[in-house]
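Printed here is my_file.txt (compact mmCIF, C-alpha atoms and all ligand atoms):
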# COMPACT_ATOMS: atom_id res chain seq x y z
CA MET B 1 12.40 -17.67 0.20
CA PRO B 2 13.41 -16.67 3.76
CA ARG B 3 11.08 -17.79 6.56
CA ALA B 4 9.94 -14.27 7.42
CA GLN B 5 8.85 -13.66 3.83
CA SER B 6 6.81 -16.84 3.54
CA GLN B 7 5.08 -16.06 6.85
CA LYS B 8 4.19 -12.57 5.72
CA ARG B 9 2.87 -13.89 2.46
CA HIS B 10 0.66 -16.37 4.23
CA ILE B 11 -0.74 -13.64 6.47
CA LEU B 12 -1.55 -11.41 3.52
CA VAL B 13 -3.26 -14.17 1.58
CA SER B 14 -5.27 -15.17 4.67
CA ARG B 15 -6.41 -11.62 5.27
CA LYS B 16 -7.26 -11.33 1.59
CA LYS B 17 -9.59 -14.31 1.85
CA LYS B 18 -11.35 -12.59 4.73
CA VAL B 19 -11.97 -9.61 2.50
CA TYR B 20 -13.52 -11.81 -0.18
CA MET B 21 -15.89 -13.29 2.36
CA SER B 22 -16.92 -9.93 3.75
CA ASP B 23 -17.47 -8.24 0.38
CA THR B 24 -21.08 -7.57 1.21
CA LEU B 25 -20.10 -5.76 4.40
CA THR B 26 -18.22 -2.93 2.69
CA THR B 27 -19.36 0.55 3.63
CA GLN B 28 -21.33 2.72 1.23
CA ASN B 29 -18.50 5.20 0.75
CA ASN B 30 -15.60 2.90 0.05
CA THR B 31 -13.48 5.47 -1.77
CA PHE B 32 -9.80 5.13 -0.96
CA GLU B 33 -8.74 8.72 -0.39
CA TRP B 34 -5.56 10.36 0.75
CA SER B 35 -5.58 11.22 4.42
CA ASP B 36 -3.19 13.55 6.20
CA THR B 37 -2.57 10.71 8.63
CA PHE B 38 -0.64 8.99 5.82
CA ASP B 39 1.90 11.85 5.66
CA LEU B 40 5.29 10.66 6.87
CA GLY B 41 7.27 13.86 6.31
CA TYR B 42 9.68 12.49 3.72
CA GLN B 43 8.51 14.08 0.48
CA PRO B 44 9.71 11.49 -2.07
CA MET B 45 7.86 8.78 -0.14
CA ASP B 46 4.75 10.85 0.49
CA SER B 47 4.30 11.71 -3.18
CA THR B 48 4.69 8.04 -4.15
CA HIS B 49 2.10 7.11 -1.53
CA ARG B 50 -0.37 9.63 -2.92
CA GLU B 51 0.04 7.96 -6.29
CA PHE B 52 -0.48 4.54 -4.67
CA VAL B 53 -3.77 5.66 -3.11
CA ASP B 54 -5.04 7.05 -6.44
CA ILE B 55 -4.08 3.93 -8.39
CA VAL B 56 -5.61 1.52 -5.87
CA ASN B 57 -8.79 3.59 -5.76
CA VAL B 58 -9.07 3.21 -9.55
CA LEU B 59 -8.52 -0.55 -9.17
CA ILE B 60 -11.41 -0.74 -6.72
CA HIS B 61 -13.88 1.38 -8.65
CA CYS B 62 -13.06 1.32 -12.38
CA PRO B 63 -15.44 -0.40 -14.83
CA ASP B 64 -14.71 -4.10 -15.44
CA GLU B 65 -13.51 -3.43 -18.98
CA GLU B 66 -10.80 -1.13 -17.62
CA PHE B 67 -9.71 -3.45 -14.83
CA LEU B 68 -6.79 -5.17 -16.58
CA ALA B 69 -5.33 -1.82 -17.65
CA ALA B 70 -5.64 -0.64 -14.05
CA MET B 71 -3.81 -3.79 -12.92
CA ASP B 72 -1.03 -3.04 -15.41
CA LYS B 73 -0.76 0.48 -14.04
CA PHE B 74 -0.65 -0.82 -10.49
CA LYS B 75 2.16 -3.22 -11.37
CA ILE B 76 4.29 -0.46 -12.89
CA HIS B 77 3.67 1.73 -9.86
CA ALA B 78 4.27 -1.01 -7.29
CA LEU B 79 7.53 -2.20 -8.85
CA SER B 80 8.82 1.37 -8.76
CA HIS B 81 7.37 2.20 -5.30
CA PHE B 82 8.52 -0.96 -3.53
CA GLY B 83 11.72 -1.12 -5.57
CA GLN B 84 12.69 2.40 -4.47
CA GLU B 85 12.03 1.66 -0.80
CA ASP B 86 13.90 -1.67 -1.03
CA GLN B 87 16.82 0.13 -2.67
CA TRP B 88 16.91 2.81 0.06
CA MET B 89 16.96 0.11 2.73
CA THR B 90 19.69 -1.91 1.01
CA GLU B 91 21.92 0.99 0.01
CA THR B 92 21.78 2.73 3.38
CA GLU B 93 22.01 -0.51 5.41
CA PHE B 94 18.70 0.24 7.09
CA PRO B 95 18.45 -1.95 10.22
CA ALA B 96 15.84 -4.73 10.19
CA GLY B 97 14.75 -4.07 6.63
CA ASP B 98 14.09 -7.76 5.86
CA CYS B 99 10.56 -7.67 7.24
CA HIS B 100 9.69 -4.58 5.21
CA ILE B 101 11.23 -5.95 2.00
CA GLY B 102 9.42 -9.24 2.64
CA GLU B 103 6.07 -7.49 2.92
CA HIS B 104 6.59 -5.78 -0.43
CA ALA B 105 7.48 -9.14 -1.98
CA ALA B 106 4.35 -10.70 -0.47
CA VAL B 107 2.13 -8.05 -2.03
CA MET B 108 3.74 -8.57 -5.43
CA ALA B 109 3.37 -12.36 -5.15
CA SER B 110 -0.32 -11.97 -4.34
CA PHE B 111 -0.64 -9.48 -7.18
CA GLU B 112 0.75 -11.96 -9.70
CA GLU B 113 -1.79 -14.57 -8.56
CA VAL B 114 -4.79 -12.30 -8.93
CA TYR B 115 -3.41 -10.80 -12.14
CA ALA B 116 -3.37 -14.27 -13.72
CA LEU B 117 -6.99 -14.76 -12.63
CA ALA B 118 -8.01 -11.33 -13.94
CA LYS B 119 -6.53 -12.18 -17.34
CA ASN B 120 -8.92 -15.13 -17.40
CA GLY B 121 -11.87 -12.86 -16.66
CA ASP B 122 -11.97 -13.11 -12.86
CA THR B 123 -12.10 -9.46 -11.90
CA LYS B 124 -13.93 -10.17 -8.62
CA THR B 125 -10.82 -11.69 -7.06
CA GLY B 126 -8.82 -8.72 -8.27
CA ARG B 127 -11.29 -6.31 -6.69
CA GLY B 128 -10.93 -8.19 -3.41
CA PHE B 129 -7.17 -7.83 -3.66
CA ALA B 130 -7.52 -4.09 -4.32
CA LYS B 131 -9.75 -3.69 -1.26
CA GLU B 132 -7.22 -5.63 0.75
CA LEU B 133 -4.52 -3.17 -0.41
CA GLN B 134 -6.72 -0.38 0.92
CA ASN B 135 -6.86 -2.15 4.29
CA TRP B 136 -3.17 -3.03 4.24
CA PHE B 137 -1.67 0.35 3.35
CA PRO B 138 -2.36 2.42 6.53
CA GLY B 139 -0.70 -0.16 8.79
CA HIS B 140 2.22 -0.68 6.42
CA ALA B 141 2.80 3.07 6.16
CA ASP B 142 2.43 3.54 9.90
CA TYR B 143 4.72 0.75 11.08
CA LEU B 144 7.22 0.11 8.31
CA ASP B 145 7.32 3.07 5.90
CA SER B 146 7.36 5.62 8.73
CA ALA B 147 10.54 4.13 10.21
CA LEU B 148 12.18 4.25 6.80
CA ALA B 149 10.93 7.82 6.22
CA HIS B 150 12.52 8.93 9.51
CA TRP B 151 15.74 7.14 8.62
CA MET B 152 15.93 8.68 5.14
CA PHE B 153 14.95 12.14 6.38
CA LYS B 154 17.64 11.99 9.05
CA ARG B 155 20.27 11.02 6.47
CA THR B 156 19.34 13.87 4.15
CA HIS B 157 18.30 16.59 6.63
CA GLY B 158 20.02 15.60 9.87
CA GLY B 159 16.89 15.25 12.04
CA LYS B 160 13.47 13.68 12.37
CA PRO B 161 10.72 14.98 10.06
CA VAL B 162 8.08 17.22 11.56
CA VAL B 163 4.66 16.29 10.24
CA ILE B 164 1.94 18.90 10.54
CA ARG B 165 -1.50 17.41 10.15
CA ARG B 166 -4.75 19.29 9.86
CA THR B 167 -7.21 18.61 12.61
CA ILE B 168 -10.87 18.79 11.71
CA LYS B 169 -13.00 19.88 14.64
CA GLU B 170 -16.77 19.85 14.65
CA THR B 171 -18.10 23.39 14.83
CA HIS B 172 -21.62 24.18 15.91
CA LEU B 173 -23.05 27.33 14.35
CA GLU B 174 -25.90 28.96 16.23
FE FE B 201 5.58 2.76 0.67
FE FE B 202 6.95 -0.01 2.17
As C-alpha cells, please, write out the structure in this file.
Ligand SMILES: [Fe+2]
Ligand SMILES: [Fe+2]
Amino acid sequence: MPRAQSQKRHILVSRKKKVYMSDTLTTQNNTFEWSDTFDLGYQPMDSTHREFVDIVNVLIHCPDEEFLAAMDKFKIHALSHFGQEDQWMTETEFPAGDCHIGEHAAVMASFEEVYALAKNGDTKTGRGFAKELQNWFPGHADYLDSALAHWMFKRTHGGKPVVIRRTIKETHLE
C-alpha cells in the first residue's frame, strides 16, 4: 500500500476511536440529513451523495436486528460511489487523485474491520463507524469531491459549476 494511503487509514481509524470514546456526548438530534452545503454542482455526484447520506443515516439509527442488512447496503453503495469517483479520476487523469483514492480505500478498509465485528454481534463498533462517516463526509466532500466535481463539470460543460444554495434567515414576526 502506498505511504499516503496507510497514513490516511491510520488517521481515519484514530478519529474513529475518538468517536467511540465520545459516544455519550452525541447531540440529541443526531440525524444525518442532506444539507444544501453538500451540493457540489455536478449532478451525478450530488445524487450519489444524497444516497450516501440516507444510507449512513439508516446505519446510525436502524434497529440492531437490521444493522447487518444496512451494512450490506452501505457496502454496495460505497463500492459503486467510490468506484465511480476513482474511475473518473483515473480515466480523466485527474491531477493529484492519489490522496482522494487513498481516502476511499481507507474507508473501505475500516468498513471491512467493523463489518467482521458486526457479523459477530458487535453492532456498537459499527454504529461508531457510521457516526464517524457522518463526521467524515462534509470535509471529504468539501475538500476532495468538490475539486473532482469542478473537474468533471468543466470537462462535460466547459466551465465551473454554479451552486445556488438556499439561505435560511431568521425572521421576527411582530
Ligand atoms: Fe463522493
Ligand atoms: Fe470521494
| request: Name the closest residue to Gly128 (chain B) among the candidates B:Val114, B:Ala109, B:Leu68, B:Ile101; distances are taken between atoms, counting only C-alpha atoms. | output: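 The answer is B:Val114, which sits nearest to Gly128 (chain B).
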| task | Residues within 8 Å of ligand FE 202 (chain B) should be enumerated using only C-alpha atoms and all ligand atoms and returned as a list in words. | result | His81, Phe82, Glu85, Asp86, His100, Ile101, Glu103, His104, His140, Ala141, Leu144 and Asp145 of chain B
| query | Do you know which residues are at most 12 Å from His150 (chain B) counting only C-alpha atoms, after dropping those on the same chain fewer than 6 positions away, and could you put them as a ChimeraX atom specification? | reply | /B:39-43,45,89,94,141-144,156-163
Give me the residues within 12 Å of region 61-63 of chain B as an mmCIF file with C-alpha atoms, in the coordinates of the input, counting all atoms listed in the file and dropping any in the same chain fewer than 2 places off.
data_model
loop_
_atom_site.group_PDB
_atom_site.id
_atom_site.type_symbol
_atom_site.label_atom_id
_atom_site.label_comp_id
_atom_site.auth_asym_id
_atom_site.auth_seq_id
_atom_site.Cartn_x
_atom_site.Cartn_y
_atom_site.Cartn_z
ATOM 1 C CA ASN B 29 -18.500 5.200 0.750
ATOM 2 C CA ASN B 30 -15.600 2.900 0.050
ATOM 3 C CA THR B 31 -13.480 5.470 -1.770
ATOM 4 C CA PHE B 32 -9.800 5.130 -0.960
ATOM 5 C CA ASP B 54 -5.040 7.050 -6.440
ATOM 6 C CA ILE B 55 -4.080 3.930 -8.390
ATOM 7 C CA VAL B 56 -5.610 1.520 -5.870
ATOM 8 C CA ASN B 57 -8.790 3.590 -5.760
ATOM 9 C CA VAL B 58 -9.070 3.210 -9.550
ATOM 10 C CA LEU B 59 -8.520 -0.550 -9.170
ATOM 11 C CA GLU B 65 -13.510 -3.430 -18.980
ATOM 12 C CA GLU B 66 -10.800 -1.130 -17.620
ATOM 13 C CA PHE B 67 -9.710 -3.450 -14.830
ATOM 14 C CA LEU B 68 -6.790 -5.170 -16.580
ATOM 15 C CA ALA B 69 -5.330 -1.820 -17.650
ATOM 16 C CA ALA B 70 -5.640 -0.640 -14.050
ATOM 17 C CA MET B 71 -3.810 -3.790 -12.920
ATOM 18 C CA THR B 123 -12.100 -9.460 -11.900
ATOM 19 C CA LYS B 124 -13.930 -10.170 -8.620
ATOM 20 C CA GLY B 126 -8.820 -8.720 -8.270
ATOM 21 C CA ARG B 127 -11.290 -6.310 -6.690
ATOM 22 C CA GLY B 128 -10.930 -8.190 -3.410
ATOM 23 C CA ALA B 130 -7.520 -4.090 -4.320
ATOM 24 C CA LYS B 131 -9.750 -3.690 -1.260
#
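Counting only C-alpha atoms and all ligand atoms and comparing B:Asp122, B:Asp46, B:Asp72, B:Asp98, the residue that lies closest to ligand FE 201 (chain B) is B:Asp46.
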| Suppose you want the space between CA of Lys75 (chain B) and CA of Pro95 (chain B); what is it in Å? | 27.1 Å
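Distance check against Asp64 (chain B) using all atoms listed in the file: of B:Ser80, B:Thr125, B:Glu132, B:Gly139, the minimum falls on B:Thr125.
The two atoms in question, CA of Glu91 (chain B) and CA of Lys73 (chain B), are spaced 26.7 Å apart.
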| Closest of B:Thr37, B:Asn120, B:Phe129, B:Thr48 to ligand FE 201 (chain B) - atom-to-atom distances counting only C-alpha atoms and all ligand atoms | B:Thr48
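The space between CA of Trp151 (chain B) and CA of Thr92 (chain B) spans 9.1 Å.
Closest approach to His49 (chain B) among B:Pro138, B:Gly97, B:Gly121, B:Gly102: B:Pro138, based on all atoms listed in the file.
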| request: Check the smallest atom-to-atom distance from each of B:Ala78, B:Thr90, B:Glu33, B:Gln134 to Phe111 (chain B) using all atoms listed in the file, then report the winner. | output: B:Ala78
